[in-house]
file run_29.txt (compact mmCIF, C-alpha atoms)
# COMPACT_ATOMS: atom_id res chain seq x y z
CA ASP Q 124 56.45 43.23 15.20
CA GLU Q 125 54.40 40.08 15.05
CA LYS Q 126 54.85 37.88 12.00
CA GLU Q 127 52.67 35.01 10.90
CA SER Q 128 53.65 32.36 8.37
CA ALA Q 129 51.18 31.42 5.65
CA THR Q 130 50.78 28.63 3.14
CA GLU Q 131 49.33 29.06 -0.32
CA LEU Q 132 47.70 26.14 -2.11
CA ALA Q 133 49.15 26.44 -5.61
CA SER Q 134 47.40 23.38 -7.08
CA LEU Q 135 45.39 20.35 -6.06
CA GLU Q 136 46.74 16.82 -5.93
CA ASN Q 137 46.81 15.06 -9.29
CA LEU Q 138 47.26 11.31 -8.85
CA GLU Q 139 46.90 10.74 -12.60
CA LEU Q 140 49.99 12.78 -13.50
CA THR Q 141 52.88 10.60 -14.66
CA TRP Q 142 56.27 10.84 -16.34
CA GLU Q 143 56.69 11.93 -19.95
CA LYS Q 144 57.86 8.99 -22.08
CA LEU Q 145 59.93 8.66 -25.21
CA TYR Q 146 61.00 6.09 -27.78
CA SER Q 147 64.02 7.23 -29.74
CA GLY Q 148 66.32 5.93 -32.44
CA ASN Q 149 69.22 7.58 -34.22
CA ALA Q 150 71.96 6.75 -36.70
CA GLY Q 151 75.05 8.58 -37.86
CA LEU Q 152 77.81 8.39 -40.43
CA ASP Q 153 81.21 10.08 -40.42
CA LEU Q 154 83.56 9.98 -43.41
CA GLY Q 155 87.09 11.27 -43.87
CA LEU Q 156 88.31 11.40 -47.48
CA PHE Q 157 91.51 12.40 -49.28
CA SER Q 158 93.72 12.11 -46.20
CA ASN Q 159 91.03 13.94 -44.15
CA ARG Q 160 91.04 16.97 -46.44
CA LEU Q 161 87.29 16.39 -46.79
CA ASN Q 162 85.12 15.34 -43.84
CA LEU Q 163 81.43 14.47 -44.01
CA SER Q 164 79.05 13.91 -41.11
CA VAL Q 165 75.37 12.88 -41.23
CA ASP Q 166 73.15 12.22 -38.22
CA GLY Q 167 69.46 11.34 -38.22
CA TYR Q 168 66.89 10.62 -35.52
CA TYR Q 169 63.28 9.56 -35.06
CA ARG Q 170 61.35 9.97 -31.78
CA GLN Q 171 57.92 9.11 -30.48
CA SER Q 172 56.99 11.09 -27.38
CA PHE Q 173 53.85 10.44 -25.38
CA ASP Q 174 52.23 11.47 -22.10
CA LEU Q 175 53.62 14.97 -22.67
CA ILE Q 176 52.88 17.40 -19.86
CA ASP Q 177 51.37 20.85 -20.24
CA ARG Q 178 48.85 23.22 -18.69
CA ILE Q 179 45.37 22.67 -20.14
CA LYS Q 180 41.96 24.23 -19.65
CA THR Q 181 39.32 22.06 -17.96
CA SER Q 182 35.62 22.40 -17.19
CA GLY Q 183 36.51 23.65 -13.71
CA ILE Q 184 34.99 20.67 -11.90
CA GLY Q 185 37.22 19.89 -8.94
CA GLY Q 186 38.21 23.47 -8.25
CA GLN Q 187 40.72 24.19 -11.02
CA THR Q 188 40.07 25.84 -14.38
CA TYR Q 189 43.61 25.11 -15.57
CA LYS Q 190 45.41 21.90 -14.70
CA ILE Q 191 48.76 20.24 -15.40
CA ALA Q 192 48.16 16.97 -17.25
CA ASN Q 193 49.68 14.36 -19.59
CA TYR Q 194 47.72 15.60 -22.55
CA ALA Q 195 49.61 15.00 -25.81
CA ASP Q 196 51.64 12.62 -27.99
CA MET Q 197 54.12 13.71 -30.63
CA GLU Q 198 56.43 12.33 -33.30
CA SER Q 199 59.56 14.08 -34.46
CA MET Q 200 62.35 13.39 -36.88
CA GLY Q 201 65.31 15.26 -38.21
CA THR Q 202 68.77 15.19 -39.65
CA ASP Q 203 72.00 17.16 -39.31
CA PHE Q 204 74.52 17.33 -42.13
CA SER Q 205 77.95 18.93 -42.19
CA ILE Q 206 80.76 19.01 -44.69
CA GLU Q 207 84.19 20.45 -43.94
CA GLY Q 208 87.36 20.45 -45.93
CA VAL Q 209 90.55 22.13 -46.99
CA ALA Q 210 89.75 23.71 -50.35
CA VAL Q 211 93.14 25.41 -50.74
CA ARG Q 212 96.44 24.63 -49.03
CA THR Q 213 99.78 26.09 -50.20
CA ASN Q 214 102.82 27.51 -48.46
CA ASP Q 215 101.16 30.92 -48.13
CA TRP Q 216 97.43 30.30 -48.63
CA SER Q 217 94.80 28.11 -46.98
CA TRP Q 218 91.01 28.09 -47.19
CA ARG Q 219 88.89 25.89 -44.93
CA PRO Q 220 85.09 26.07 -45.49
CA ARG Q 221 82.47 24.33 -43.34
CA ILE Q 222 78.77 23.96 -44.15
CA THR Q 223 76.18 22.75 -41.62
CA VAL Q 224 72.50 22.11 -42.33
CA GLY Q 225 69.82 20.87 -39.93
CA TYR Q 226 66.23 19.85 -40.62
CA ALA Q 227 63.64 19.05 -37.93
CA TYR Q 228 60.04 17.93 -38.36
CA THR Q 229 57.44 17.55 -35.61
CA ARG Q 230 53.79 16.50 -35.62
CA ILE Q 231 51.25 16.33 -32.81
CA THR Q 232 49.65 12.87 -33.09
CA ASN Q 233 47.26 13.20 -30.16
CA VAL Q 234 46.11 16.09 -27.97
CA ASP Q 235 43.29 16.36 -25.43
CA ASN Q 236 43.16 20.14 -25.12
CA ILE Q 237 40.47 22.12 -26.98
CA PRO Q 238 41.92 25.55 -27.88
CA ASN Q 239 39.89 28.66 -28.60
CA ILE Q 240 40.60 31.14 -31.38
CA PHE Q 241 42.99 33.29 -29.36
CA ASP Q 242 45.03 30.24 -28.31
CA LEU Q 243 45.77 29.54 -31.98
CA VAL Q 244 46.48 33.06 -33.24
CA ARG Q 245 48.94 34.06 -30.50
CA SER Q 246 52.49 34.73 -31.68
CA GLU Q 247 53.84 31.84 -29.56
CA GLY Q 248 51.82 29.30 -31.58
CA ALA Q 249 49.68 26.41 -30.34
CA ASN Q 250 49.66 22.62 -30.40
CA VAL Q 251 46.97 21.15 -32.66
CA LYS Q 252 46.53 17.51 -33.67
CA GLY Q 253 48.05 16.82 -37.07
CA SER Q 254 50.13 20.03 -37.08
CA PRO Q 255 53.72 20.80 -36.05
CA VAL Q 256 54.54 21.84 -32.50
CA ARG Q 257 53.84 25.56 -31.93
CA SER Q 258 51.80 26.07 -35.09
CA LEU Q 259 50.62 29.56 -36.02
CA PHE Q 260 47.10 30.28 -37.26
CA SER Q 261 45.49 33.54 -38.43
CA ILE Q 262 42.08 35.12 -38.83
CA ARG Q 263 41.35 35.58 -42.53
CA TYR Q 264 41.57 39.23 -43.56
CA HIS Q 265 38.81 40.24 -46.01
CA GLY Q 266 39.84 43.79 -46.91
CA LEU Q 267 38.85 47.25 -45.73
CA ASP Q 268 35.33 48.62 -45.55
CA PRO Q 269 35.15 51.01 -48.57
CA LYS Q 270 33.08 53.50 -46.54
CA SER Q 271 35.14 53.69 -43.35
CA GLY Q 272 38.49 51.99 -43.93
CA ILE Q 273 37.87 49.64 -40.98
CA PRO Q 274 39.29 46.12 -41.50
CA GLN Q 275 36.92 43.20 -42.15
CA TYR Q 276 37.37 39.47 -41.60
CA ILE Q 277 35.79 36.08 -42.06
CA ASN Q 278 34.48 35.37 -38.56
CA GLU Q 279 33.62 32.17 -36.69
CA GLU Q 280 30.19 32.11 -38.38
CA GLY Q 281 31.78 32.18 -41.84
CA GLU Q 282 30.49 35.71 -42.40
CA VAL Q 283 32.25 38.94 -43.38
CA SER Q 284 32.45 41.05 -40.22
CA THR Q 285 34.54 43.70 -38.45
CA ASP Q 286 34.55 41.56 -35.31
CA VAL Q 287 35.57 38.04 -34.32
CA TYR Q 288 34.85 36.49 -30.93
CA LEU Q 289 38.34 35.38 -29.90
CA GLN Q 290 37.08 33.11 -27.09
CA ASP Q 291 35.04 30.94 -29.47
CA GLU Q 292 36.17 27.31 -29.80
CA ARG Q 293 35.10 27.06 -33.46
CA THR Q 294 38.52 27.33 -35.08
CA GLY Q 295 38.05 25.56 -38.41
CA PHE Q 296 37.79 28.88 -40.28
CA LEU Q 297 41.32 29.97 -39.30
CA GLN Q 298 44.16 29.90 -41.81
CA TYR Q 299 47.15 27.71 -40.98
CA GLU Q 300 50.35 29.71 -41.48
CA GLY Q 301 53.11 27.29 -40.48
CA PRO Q 302 55.34 26.44 -37.52
CA VAL Q 303 56.77 29.21 -35.34
CA ASP Q 304 60.05 27.31 -34.97
CA PRO Q 305 62.17 27.05 -38.16
CA PRO Q 306 62.40 23.49 -39.54
CA LEU Q 307 65.48 24.34 -41.60
CA THR Q 308 68.63 25.93 -40.14
CA GLY Q 309 72.15 26.23 -41.44
CA GLY Q 310 75.48 27.95 -41.35
CA LEU Q 311 78.52 28.59 -43.52
CA ASN Q 312 81.92 29.18 -41.94
CA ASN Q 313 84.98 30.19 -43.96
CA THR Q 314 88.51 30.55 -42.64
CA VAL Q 315 91.07 32.00 -45.07
CA SER Q 316 94.73 32.40 -44.15
CA PHE Q 317 97.47 34.23 -46.02
CA LYS Q 318 100.89 34.18 -44.39
CA ASN Q 319 100.32 35.88 -41.00
CA TRP Q 320 96.79 37.08 -41.80
CA THR Q 321 93.61 35.14 -40.93
CA LEU Q 322 90.09 36.03 -42.07
CA ASN Q 323 87.02 34.27 -40.64
CA VAL Q 324 83.50 34.80 -42.02
CA PHE Q 325 80.47 33.07 -40.49
CA LEU Q 326 76.95 33.21 -41.99
CA THR Q 327 73.79 31.70 -40.47
CA GLY Q 328 70.23 31.30 -41.71
CA GLN Q 329 66.87 29.63 -41.24
CA ALA Q 330 63.79 28.94 -43.35
CA GLY Q 331 60.30 27.45 -43.32
CA ASN Q 332 58.71 29.16 -40.32
CA LYS Q 333 56.17 31.98 -39.92
CA ILE Q 334 56.13 34.74 -37.31
CA ARG Q 335 53.47 37.10 -36.03
CA LEU Q 336 54.37 40.78 -36.34
CA ASN Q 337 54.30 42.96 -33.25
CA PRO Q 338 50.72 43.88 -32.20
CA MET Q 339 50.96 47.60 -33.05
CA PHE Q 340 47.40 48.53 -34.02
CA GLN Q 341 45.07 49.77 -31.28
CA GLY Q 342 41.33 50.33 -31.02
CA THR Q 343 41.84 53.94 -29.97
CA LEU Q 344 44.68 56.27 -30.90
CA SER Q 345 45.71 59.68 -29.63
CA ASP Q 346 48.53 62.18 -30.00
CA MET Q 347 50.00 60.71 -26.81
CA SER Q 348 50.66 57.30 -28.37
CA ALA Q 349 53.24 56.31 -30.96
CA MET Q 350 51.92 55.12 -34.31
CA PRO Q 351 53.52 52.57 -36.62
CA THR Q 352 55.05 53.78 -39.86
CA GLU Q 353 52.52 51.59 -41.71
CA PHE Q 354 50.00 54.40 -41.18
CA TYR Q 355 51.77 56.37 -43.90
CA ASP Q 356 50.04 53.97 -46.31
CA ARG Q 357 46.67 53.92 -44.50
CA TRP Q 358 43.19 54.16 -45.99
CA LEU Q 359 42.17 57.82 -46.44
CA MET Q 360 39.21 57.73 -48.84
CA GLY Q 361 37.01 55.36 -50.76
CA GLY Q 362 39.04 53.39 -53.29
CA ASP Q 363 42.15 53.21 -51.13
CA GLU Q 364 41.06 49.73 -50.06
CA ASN Q 365 42.13 48.57 -53.54
CA ILE Q 366 45.73 49.72 -53.11
CA SER Q 367 46.45 49.36 -49.38
CA PRO Q 368 45.56 46.84 -46.65
CA VAL Q 369 46.37 49.33 -43.84
CA PRO Q 370 43.21 50.47 -42.02
CA ALA Q 371 42.19 54.07 -41.41
CA ILE Q 372 42.82 55.90 -38.14
CA ILE Q 373 39.51 55.57 -36.32
CA ASP Q 374 37.82 58.77 -35.09
CA ASN Q 375 35.38 59.24 -32.20
CA TRP Q 376 32.28 58.87 -34.38
CA LEU Q 377 33.49 55.60 -35.94
CA GLU Q 378 34.54 54.35 -32.53
CA GLN Q 379 31.02 54.90 -31.20
CA GLN Q 380 29.51 53.25 -34.29
CA ASN Q 381 31.64 50.16 -33.67
CA ALA Q 382 31.24 50.04 -29.90
CA GLY Q 383 31.55 46.48 -28.60
CA THR Q 384 33.74 45.31 -31.48
CA TYR Q 385 37.52 45.26 -31.71
CA PRO Q 386 38.50 45.31 -35.42
CA TYR Q 387 41.95 46.82 -34.78
CA ASN Q 388 42.89 44.31 -32.11
CA ILE Q 389 41.82 41.52 -34.45
CA TYR Q 390 43.89 43.07 -37.25
CA ASN Q 391 47.01 42.24 -35.18
CA TYR Q 392 46.07 38.54 -35.40
CA SER Q 393 44.98 38.48 -39.05
CA THR Q 394 46.68 37.06 -42.13
CA GLU Q 395 47.95 40.58 -42.87
CA ARG Q 396 50.21 40.54 -39.79
CA VAL Q 397 52.26 37.44 -40.63
CA ALA Q 398 55.73 37.37 -42.16
CA LYS Q 399 58.15 34.67 -43.24
CA GLY Q 400 60.82 33.83 -40.69
CA ASP Q 401 63.45 33.14 -43.37
CA PHE Q 402 66.70 35.04 -43.03
CA VAL Q 403 70.39 35.03 -43.89
CA ARG Q 404 72.70 36.88 -41.49
CA LEU Q 405 76.39 37.68 -41.47
CA LYS Q 406 76.85 36.49 -37.90
CA SER Q 407 80.50 37.36 -37.44
CA VAL Q 408 83.57 38.43 -39.35
CA SER Q 409 87.08 38.82 -37.99
CA LEU Q 410 90.47 39.73 -39.39
CA GLY Q 411 93.60 38.88 -37.42
CA TYR Q 412 97.31 39.45 -37.83
CA GLN Q 413 100.00 37.45 -36.01
CA LEU Q 414 103.36 39.15 -35.71
CA LYS Q 415 106.31 37.06 -36.89
CA PRO Q 416 108.21 35.46 -33.96
CA GLU Q 417 111.48 37.16 -34.86
CA THR Q 418 109.76 40.56 -35.11
CA ALA Q 419 108.05 40.01 -31.76
CA ARG Q 420 111.40 39.04 -30.10
CA SER Q 421 113.05 42.16 -31.47
CA LEU Q 422 110.40 44.16 -29.61
CA GLY Q 423 111.00 42.25 -26.38
CA LEU Q 424 107.83 40.14 -26.75
CA THR Q 425 107.21 36.41 -27.07
CA THR Q 426 104.09 36.76 -29.22
CA ALA Q 427 101.95 39.64 -30.44
CA SER Q 428 98.66 39.70 -32.40
CA LEU Q 429 95.94 42.11 -33.47
CA GLN Q 430 92.32 41.20 -34.28
CA LEU Q 431 89.37 43.24 -35.59
CA SER Q 432 85.94 41.63 -35.06
CA ALA Q 433 82.33 42.42 -35.91
CA ILE Q 434 79.34 40.53 -34.43
CA ASN Q 435 75.95 40.64 -36.21
CA PRO Q 436 77.08 43.35 -38.63
CA TRP Q 437 74.59 42.62 -41.45
CA LEU Q 438 71.15 41.06 -41.87
CA ILE Q 439 71.59 40.11 -45.50
CA TYR Q 440 68.05 38.88 -46.18
CA ALA Q 441 64.72 38.96 -44.34
CA ASP Q 442 61.06 39.42 -45.23
CA LYS Q 443 60.33 43.08 -46.11
CA LYS Q 444 57.12 42.88 -44.06
CA LEU Q 445 59.25 42.83 -40.89
CA LYS Q 446 60.23 46.49 -41.42
CA GLY Q 447 63.29 46.26 -39.20
CA GLN Q 448 61.98 43.68 -36.72
CA ASP Q 449 64.40 40.82 -36.21
CA PRO Q 450 63.23 37.34 -37.30
CA GLU Q 451 65.82 35.50 -35.22
CA PHE Q 452 64.74 36.56 -31.72
CA PHE Q 453 61.29 36.67 -30.13
CA ASN Q 454 59.82 38.58 -27.23
CA THR Q 455 56.53 37.78 -25.53
CA GLY Q 456 53.82 38.98 -27.90
CA GLY Q 457 55.89 39.37 -31.06
CA VAL Q 458 59.24 39.68 -32.75
CA ALA Q 459 62.13 41.31 -30.89
CA MET Q 460 63.80 44.48 -32.07
CA PRO Q 461 67.10 44.11 -33.97
CA ILE Q 462 70.01 42.73 -31.98
CA GLN Q 463 72.96 45.00 -31.33
CA LYS Q 464 75.96 45.13 -33.59
CA GLN Q 465 79.31 44.79 -31.85
CA PHE Q 466 82.72 45.88 -33.11
CA THR Q 467 85.87 45.07 -31.14
CA VAL Q 468 89.61 45.52 -31.43
CA THR Q 469 91.78 42.98 -29.56
CA VAL Q 470 95.50 43.31 -28.95
CA LYS Q 471 97.35 40.37 -27.36
CA LEU Q 472 100.91 40.75 -26.13
CA THR Q 473 102.93 38.02 -24.39
CA LEU Q 474 106.02 39.18 -22.54
call {"tool": "encode", "arguments": {"input": "run_29.txt", "output": "structure tokens"}}
result
Amino acid sequence: DEKESATELASLENLELTWEKLYSGNAGLDLGLFSNRLNLSVDGYYRQSFDLIDRIKTSGIGGQTYKIANYADMESMGTDFSIEGVAVRTNDWSWRPRITVGYAYTRITNVDNIPNIFDLVRSEGANVKGSPVRSLFSIRYHGLDPKSGIPQYINEEGEVSTDVYLQDERTGFLQYEGPVDPPLTGGLNNTVSFKNWTLNVFLTGQAGNKIRLNPMFQGTLSDMSAMPTEFYDRWLMGGDENISPVPAIIDNWLEQQNAGTYPYNIYNYSTERVAKGDFVRLKSVSLGYQLKPETARSLGLTTASLQLSAINPWLIYADKKLKGQDPEFFNTGGVAMPIQKQFTVTVKLTL
């Protein structure tokens, strides 16, 4: 068989492309008090980043619609705080808690890209001057049509409509929701020991961000497609628009009447499909028992231990609008499904 090699031109030469640059400063403080029974740690930073590189849309002159360029500047600041200590220490008991808190703030100070509506309402967020990195915006929901149950919005013209042109670059009418990435994160770790028993409990959480719910509403539905449980609360008759924001299931006649518009697709990117990213999760819990040395030797062992562990056993708090979707992990296009719970039993024997 004859084979021929080929070359593909992935992008044109860009002589203006240069390195990303950064000015950074940070300071920290560590304290040990009461013979190191209490330890404090504080770290803070401030950064100015410029000539940041990303893929931007151009006019197409020169043969490329999208081009890699140094297109943005950004400032960021943050702090990390932790406190750890021995709250209880006796012959039989000990309790060692540790609290960690982190706060991060970012702001785009300059950006050359001009996004359209869809760029800003995507679940991944967009970079807009004066806003945090990966900011989320939404189309303003204006309620359901009382005659059909079809969702209505404030469009790019400032009018109430069932349709919004997502490729329009007039974005001032969109509602700013917040950053996709959480500015506030934290954790609480507790280790409690009683004689040969050890209990460890670790909780994590985040706050301050917004997330786009999975795009579950479609322009056409059939018995062959799965429907979200939200349709239990859908519009059925006139007046339901006052008690439920969930649109009606569109029939063939309504679909023909609204040909050329996409109200259900837009509903996925409206203010109705945004939830808070705040959560508190029991990340892990474990209970261990260490056999006494003399007991282990009597069994012909050097050491022996047993441990029961659970990973991600309980999402203690999350926005009810998520309806089971997990706020901690994202997939392309929306929030990931809940992470798996893991339960393990570990036995360690040393001969």
call {"tool": "residues_around", "arguments": {"input": "run_29.txt", "residues": "Gly167 of chain Q", "least_positions_apart": "4", "cutoff": "7 Å", "atoms": "all atoms listed in the file", "output": "list in words"}}
result
Asn149, Ala150, Gly151, Gly201, Thr202 and Asp203 of chain Q
call {"tool": "atom_distance", "arguments": {"input": "run_29.txt", "atom1": "atom CA of Gly362 of chain Q", "atom2": "atom CA of Pro269 of chain Q"}}
result
6.6 Å
call {"tool": "closest_residue", "arguments": {"input": "run_29.txt", "among": "Q:Gln413, Q:Thr467, Q:Thr426, Q:Ser271", "to": "Ala371 of chain Q", "atoms": "all atoms listed in the file"}}
result
Q:Ser271
call {"tool": "closest_residue", "arguments": {"input": "run_29.txt", "among": "Q:Thr327, Q:Asn236, Q:Ser217, Q:Ser421", "to": "Thr314 of chain Q", "atoms": "only C-alpha atoms"}}
result
Q:Ser217
call {"tool": "atom_distance", "arguments": {"input": "run_29.txt", "atom1": "atom CA of Arg335 of chain Q", "atom2": "atom CA of Ile462 of chain Q"}}
result
17.9 Å
call {"tool": "closest_residue", "arguments": {"input": "run_29.txt", "among": "Q:Asn319, Q:Ser199, Q:Asn332, Q:Gln290", "to": "Val397 of chain Q", "atoms": "all atoms listed in the file"}}
result
Q:Asn332
call {"tool": "residues_around", "arguments": {"input": "run_29.txt", "residues": "Ile262 of chain Q", "least_positions_apart": "6", "cutoff": "12 Å", "atoms": "all atoms listed in the file", "output": "PyMOL selection string"}}
result
chain Q and resi 240-245+274-279+281+283-289+293-300+335+386+388-397
call {"tool": "closest_residue", "arguments": {"input": "run_29.txt", "among": "Q:Asn239, Q:Thr384, Q:Ser172, Q:Asn162", "to": "Gly208 of chain Q", "atoms": "only C-alpha atoms"}}
result
Q:Asn162
call {"tool": "residues_around", "arguments": {"input": "run_29.txt", "residues": "Gly400 of chain Q", "least_positions_apart": "4", "cutoff": "7 Å", "atoms": "only C-alpha atoms", "output": "JSON, numbers by chain"}}
result
{"Q": [330, 331, 332, 333, 334, 450]}
call {"tool": "atom_distance", "arguments": {"input": "run_29.txt", "atom1": "atom CA of Gly248 of chain Q", "atom2": "atom CA of Tyr385 of chain Q"}}
result
21.4 Å
call {"tool": "closest_residue", "arguments": {"input": "run_29.txt", "among": "Q:Tyr194, Q:Tyr146, Q:Phe340, Q:Tyr387", "to": "Gln171 of chain Q", "atoms": "only C-alpha atoms"}}
result
Q:Tyr146
call {"tool": "residues_around", "arguments": {"input": "run_29.txt", "residues": "Gly253 of chain Q", "least_positions_apart": "4", "cutoff": "8 Å", "atoms": "all atoms listed in the file", "output": "JSON, numbers by chain"}}
result
{"Q": [230, 231, 232, 233]}
call {"tool": "write_last_selection", "arguments": {"input": "run_29.txt", "atoms": "C-alpha atoms", "output": "mmCIF file, in the frame of the given file"}}
result
data_model
loop_
_atom_site.group_PDB
_atom_site.id
_atom_site.type_symbol
_atom_site.label_atom_id
_atom_site.label_comp_id
_atom_site.auth_asym_id
_atom_site.auth_seq_id
_atom_site.Cartn_x
_atom_site.Cartn_y
_atom_site.Cartn_z
ATOM 1 C CA ARG Q 230 53.790 16.500 -35.620
ATOM 2 C CA ILE Q 231 51.250 16.330 -32.810
ATOM 3 C CA THR Q 232 49.650 12.870 -33.090
ATOM 4 C CA ASN Q 233 47.260 13.200 -30.160
#
call {"tool": "closest_residue", "arguments": {"input": "run_29.txt", "among": "Q:Ser409, Q:Thr473, Q:Trp320, Q:Ser164", "to": "Pro436 of chain Q", "atoms": "all atoms listed in the file"}}
result
Q:Ser409
call {"tool": "residues_around", "arguments": {"input": "run_29.txt", "residues": "Met200 of chain Q", "least_positions_apart": "6", "cutoff": "7 Å", "atoms": "only C-alpha atoms", "output": "list in words"}}
result
Tyr168, Tyr169, Arg170, Ala227, Tyr228 and Thr229 of chain Q
call {"tool": "write_last_selection", "arguments": {"input": "run_29.txt", "atoms": "C-alpha atoms", "output": "PDB file, keeping the file's coordinate frame"}}
result
ATOM      1  CA  TYR Q 168      66.890  10.620 -35.520  1.00  0.00           C
ATOM      2  CA  TYR Q 169      63.280   9.560 -35.060  1.00  0.00           C
ATOM      3  CA  ARG Q 170      61.350   9.970 -31.780  1.00  0.00           C
ATOM      4  CA  ALA Q 227      63.640  19.050 -37.930  1.00  0.00           C
ATOM      5  CA  TYR Q 228      60.040  17.930 -38.360  1.00  0.00           C
ATOM      6  CA  THR Q 229      57.440  17.550 -35.610  1.00  0.00           C
TER       7      THR Q 229
END
call {"tool": "axis_aligned_box", "arguments": {"input": "run_29.txt", "around": "segment 215-219 of chain Q", "padding_each_side": "3 Å", "output": "JSON"}}
result
{"center_x": 95.0, "center_y": 28.4, "center_z": -46.8, "size_x": 18.3, "size_y": 11.0, "size_z": 9.7}
call {"tool": "build_atoms", "arguments": {"input": "run_29.txt", "residues": "segment 144-163 of chain Q", "atoms": "N, CA and C atoms", "output": "compact mmCIF listing (two decimals), in the coordinates of the input"}}
result
# COMPACT_ATOMS: atom_id res chain seq x y z
N LYS Q 144 57.18 10.19 -21.59
CA LYS Q 144 57.86 8.99 -22.08
C LYS Q 144 58.31 9.21 -23.51
N LEU Q 145 59.32 8.44 -23.91
CA LEU Q 145 59.93 8.66 -25.21
C LEU Q 145 60.55 7.39 -25.75
N TYR Q 146 60.27 7.10 -27.02
CA TYR Q 146 61.00 6.09 -27.78
C TYR Q 146 61.86 6.83 -28.80
N SER Q 147 63.13 6.48 -28.87
CA SER Q 147 64.02 7.23 -29.74
C SER Q 147 65.00 6.31 -30.45
N GLY Q 148 65.30 6.65 -31.68
CA GLY Q 148 66.32 5.93 -32.44
C GLY Q 148 67.11 6.91 -33.28
N ASN Q 149 68.40 6.67 -33.41
CA ASN Q 149 69.22 7.58 -34.22
C ASN Q 149 70.35 6.80 -34.88
N ALA Q 150 70.85 7.36 -35.96
CA ALA Q 150 71.96 6.75 -36.70
C ALA Q 150 72.84 7.86 -37.23
N GLY Q 151 74.12 7.57 -37.37
CA GLY Q 151 75.05 8.58 -37.86
C GLY Q 151 76.14 7.98 -38.72
N LEU Q 152 76.74 8.82 -39.55
CA LEU Q 152 77.81 8.39 -40.43
C LEU Q 152 78.85 9.49 -40.51
N ASP Q 153 80.10 9.14 -40.30
CA ASP Q 153 81.21 10.08 -40.42
C ASP Q 153 82.21 9.53 -41.43
N LEU Q 154 82.62 10.39 -42.38
CA LEU Q 154 83.56 9.98 -43.41
C LEU Q 154 84.71 10.97 -43.48
N GLY Q 155 85.92 10.44 -43.61
CA GLY Q 155 87.09 11.27 -43.87
C GLY Q 155 87.73 10.83 -45.18
N LEU Q 156 87.82 11.75 -46.15
CA LEU Q 156 88.31 11.40 -47.48
C LEU Q 156 89.54 12.23 -47.83
N PHE Q 157 90.34 11.70 -48.75
CA PHE Q 157 91.51 12.40 -49.28
C PHE Q 157 92.44 12.84 -48.15
N SER Q 158 92.82 11.86 -47.34
CA SER Q 158 93.72 12.11 -46.20
C SER Q 158 93.12 13.17 -45.27
N ASN Q 159 91.80 13.05 -45.04
CA ASN Q 159 91.03 13.94 -44.15
C ASN Q 159 90.99 15.40 -44.62
N ARG Q 160 91.23 15.61 -45.92
CA ARG Q 160 91.04 16.97 -46.44
C ARG Q 160 89.56 17.26 -46.64
N LEU Q 161 88.75 16.22 -46.67
CA LEU Q 161 87.29 16.39 -46.79
C LEU Q 161 86.63 15.50 -45.75
N ASN Q 162 85.80 16.09 -44.89
CA ASN Q 162 85.12 15.34 -43.84
C ASN Q 162 83.61 15.55 -43.94
N LEU Q 163 82.88 14.44 -43.94
CA LEU Q 163 81.43 14.47 -44.01
C LEU Q 163 80.84 13.87 -42.74
